[in-house]
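Trainee: One structure follows; several queries about it will come next.
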Amino acid sequence: MALIRVDFAAETLELDTSMTVVLPQEGDDPPPVLYLLHGLTDDDTAWTRFTSIERYATARGLAVVMPQVHRSFYANEAYGMRFWDFLTEELPQTVERFFRVSTRREDTFVAGLSMGGYGALKWALREPRRFAAAASFSGALDLAYIQEFDLRPHIRTLVSRVFPDRKVAGGDEDLFHLVKKADKAELPRLLLRCGTEDHLVKQNERFVAACKTAGVEIDAAFGPGEHEWGYWDEQIQAGLEFMLGPR
């Protein structure tokens, strides 16, 4: 496998940005690709620094693309940059231009932790035909609740920058709304994992209940674990098995 740090100009963002890529070096066919999203306090290097994702991807011949989106909640910021457009439009085009990876839906996956879990499910629910499967680990999934009731100063600053003039509830940034209106026949397979000691567990439980009400299938499980990298290193292995099948 090759571990590649890519610094490139992003036209959507109007600045230079970066992504970290794990790329198979063997095989005749373009490899499947996983877009793996970081959390609120992380960057594109976090998954490779704090988990063994490179080793897990090597065993499966999987390309892994880890973009940098800062503290954007994978959204087009009202006072900032168009991170949603970057993620969903420019990034896949750039990856396909730079690297030989599969472009087939059955070979394309998305996953993330915390803020990235939200981003992964949002991308999968808004563009369901792009992915075969999507996974959220300890996701910050109830953004409408966060916007309305999370009064921590750093969250209020974040919300005022990204969503100052629009309510999340009932719109395309609201996972609960997206699940409710989803065409179940089009959806990719969905997986959710969250630790029972995680401060986001209630949000995850509410999302699973919303999926059940909407008739949306999701492989959801809760077990011992906190909001930390040891848990995510374990769960990304379960996520790869869910997406790609047993080794």
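Residue numbers start at 1 in each chain; chains themselves are named A, B, ... in the order of the structure tokens; ligands are numbered from 1 in the order shown.
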Could you pull the residues within 10 Å of stretch 196-203 of chain A, counting only C-alpha atoms, minus those fewer than 2 positions along the same chain, as a PyMOL selection string?
Mentor: chain A and resi 114+138-143+145-146+193-194+205-209+221-228
Trainee: Run DSSP on the backbone and grab whatever in stretch 40-222 of chain A lands in strand (DSSP E or B); send it over as a list in words.
Mentor: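 Matching residues for strand (DSSP E or B) in stretch 40-222 of chain A are Ala63, Val64, Val65, Met66, Pro67, Asn76, Arg82, Thr108, Phe109, Val110, Ala111, Gly112, Leu113, Ala133, Ala134, Ala135, Ser136, Phe137, Arg189, Leu190, Leu191, Leu192, Arg193, Cys194, Gly195, Asp219, Ala220, Ala221 and Phe222 of chain A.
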Trainee: Measuring between only C-alpha atoms, which one of A:Leu151, A:Asp183, A:Ala124, A:Ala144 shows the shortest distance to A:Ala169?
Mentor: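 Answer, going by the shortest atom-to-atom distance: A:Ala144.
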Trainee: For atom CA of A:Tyr35 and atom CA of A:Val101, determine how far apart the two atoms are, in Å to one decimal place.
Mentor: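 Going from atom CA of A:Tyr35 over to atom CA of A:Val101, I get 11.7 Å.
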Trainee: For stretch 70-81 of chain A, please output as a list in words all residues within 8 Å (counting only C-alpha atoms; exclusion window: fewer than 5 positions along the same chain).
Mentor: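 These residues fall inside the cut-off: Thr12, Leu13, Leu40, Thr41, Asp42, Asp43, Leu87, Met115, Gly116, Tyr118, Gly119, Leu158, Arg161, Val162, Phe163, Pro164, Asp165 and Glu173 of chain A.
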Trainee: Would you save the residues of that selection, restricted to C-alpha atoms, as an mmCIF file, in the first residue's frame?
Mentor:
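Result file result08.cif:
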data_model
loop_
_atom_site.group_PDB
_atom_site.id
_atom_site.type_symbol
_atom_site.label_atom_id
_atom_site.label_comp_id
_atom_site.auth_asym_id
_atom_site.auth_seq_id
_atom_site.Cartn_x
_atom_site.Cartn_y
_atom_site.Cartn_z
ATOM 1 C CA THR A 12 -14.800 25.123 -4.584
ATOM 2 C CA LEU A 13 -13.051 26.362 -1.434
ATOM 3 C CA LEU A 40 -14.804 18.050 14.727
ATOM 4 C CA THR A 41 -11.360 18.384 16.317
ATOM 5 C CA ASP A 42 -9.479 16.268 13.754
ATOM 6 C CA ASP A 43 -7.994 16.637 10.289
ATOM 7 C CA LEU A 87 -17.008 16.988 -0.495
ATOM 8 C CA MET A 115 -18.960 14.941 13.072
ATOM 9 C CA GLY A 116 -17.762 12.636 10.305
ATOM 10 C CA TYR A 118 -22.997 12.814 10.601
ATOM 11 C CA GLY A 119 -21.277 13.760 7.349
ATOM 12 C CA LEU A 158 -19.655 26.914 15.371
ATOM 13 C CA ARG A 161 -20.724 30.502 11.619
ATOM 14 C CA VAL A 162 -22.168 27.528 9.748
ATOM 15 C CA PHE A 163 -25.932 27.885 10.254
ATOM 16 C CA PRO A 164 -26.651 31.400 11.568
ATOM 17 C CA ASP A 165 -29.580 32.247 9.321
ATOM 18 C CA GLU A 173 -28.921 19.192 7.003
#
Trainee: Enumerate as a count of residues only all residues of stretch 11-243 of chain A assigned to helix (DSSP H, G or I) by DSSP on the backbone, naming them with the chain letters and numbers the document uses.
Mentor: 100
Trainee: Would you pick out the contacts of A:Val22 at 8 Å or less, using only C-alpha atoms, so that residues sharing its chain but fewer than 5 positions from it are not included, and give the list as an NGL selection string?
Mentor: :A and (1-4 or 54 or 57 or 62-65)
Trainee: Take the residues from that selection and put them in a file with C-alpha atoms, as a PDB file, in the first residue's frame.
Mentor:
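The resulting part00.pdb:
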ATOM      1  CA  MET A   1       0.000   0.000   0.000  1.00  0.00           C
ATOM      2  CA  ALA A   2       0.993   3.597  -0.556  1.00  0.00           C
ATOM      3  CA  LEU A   3       0.257   6.264   2.053  1.00  0.00           C
ATOM      4  CA  ILE A   4      -0.047   9.557   0.206  1.00  0.00           C
ATOM      5  CA  GLU A  54      -3.779   1.519   6.659  1.00  0.00           C
ATOM      6  CA  ALA A  57      -7.184  -1.433   4.111  1.00  0.00           C
ATOM      7  CA  LEU A  62      -9.135  -0.979  -0.381  1.00  0.00           C
ATOM      8  CA  ALA A  63      -8.385   2.621  -1.272  1.00  0.00           C
ATOM      9  CA  VAL A  64      -9.213   5.051   1.537  1.00  0.00           C
ATOM     10  CA  VAL A  65      -9.667   8.782   0.935  1.00  0.00           C
TER      11      VAL A  65
END
Trainee: Name the closest residue to A:Arg82 among the candidates A:Gly112, A:Ala135, A:Leu15, A:Lys122; distances are taken between atoms, counting only C-alpha atoms.
Mentor: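 Nearest to A:Arg82: A:Leu15.
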Trainee: Find, counting only C-alpha atoms, the residue in A:Gly27, A:Ala10, A:Asp233, A:Ser52 that gets nearest to A:Val69.
Mentor: A:Ala10
Trainee: Between A:Pro128, A:Pro153, A:Pro24, A:Gly117, which has the minimum distance to A:Leu192 (counting only C-alpha atoms)?
Mentor: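 The shortest atom-to-atom distance to A:Leu192 comes from A:Gly117.
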Trainee: Fewer than 5 positions away in the same chain doesn't count, so skip those; otherwise give me all residues within 7 Å of A:Leu37, counting only C-alpha atoms, as a list in words.
Mentor: Met66, Pro67, Ala111, Gly112, Leu113, Gly116 and Ala120 of chain A
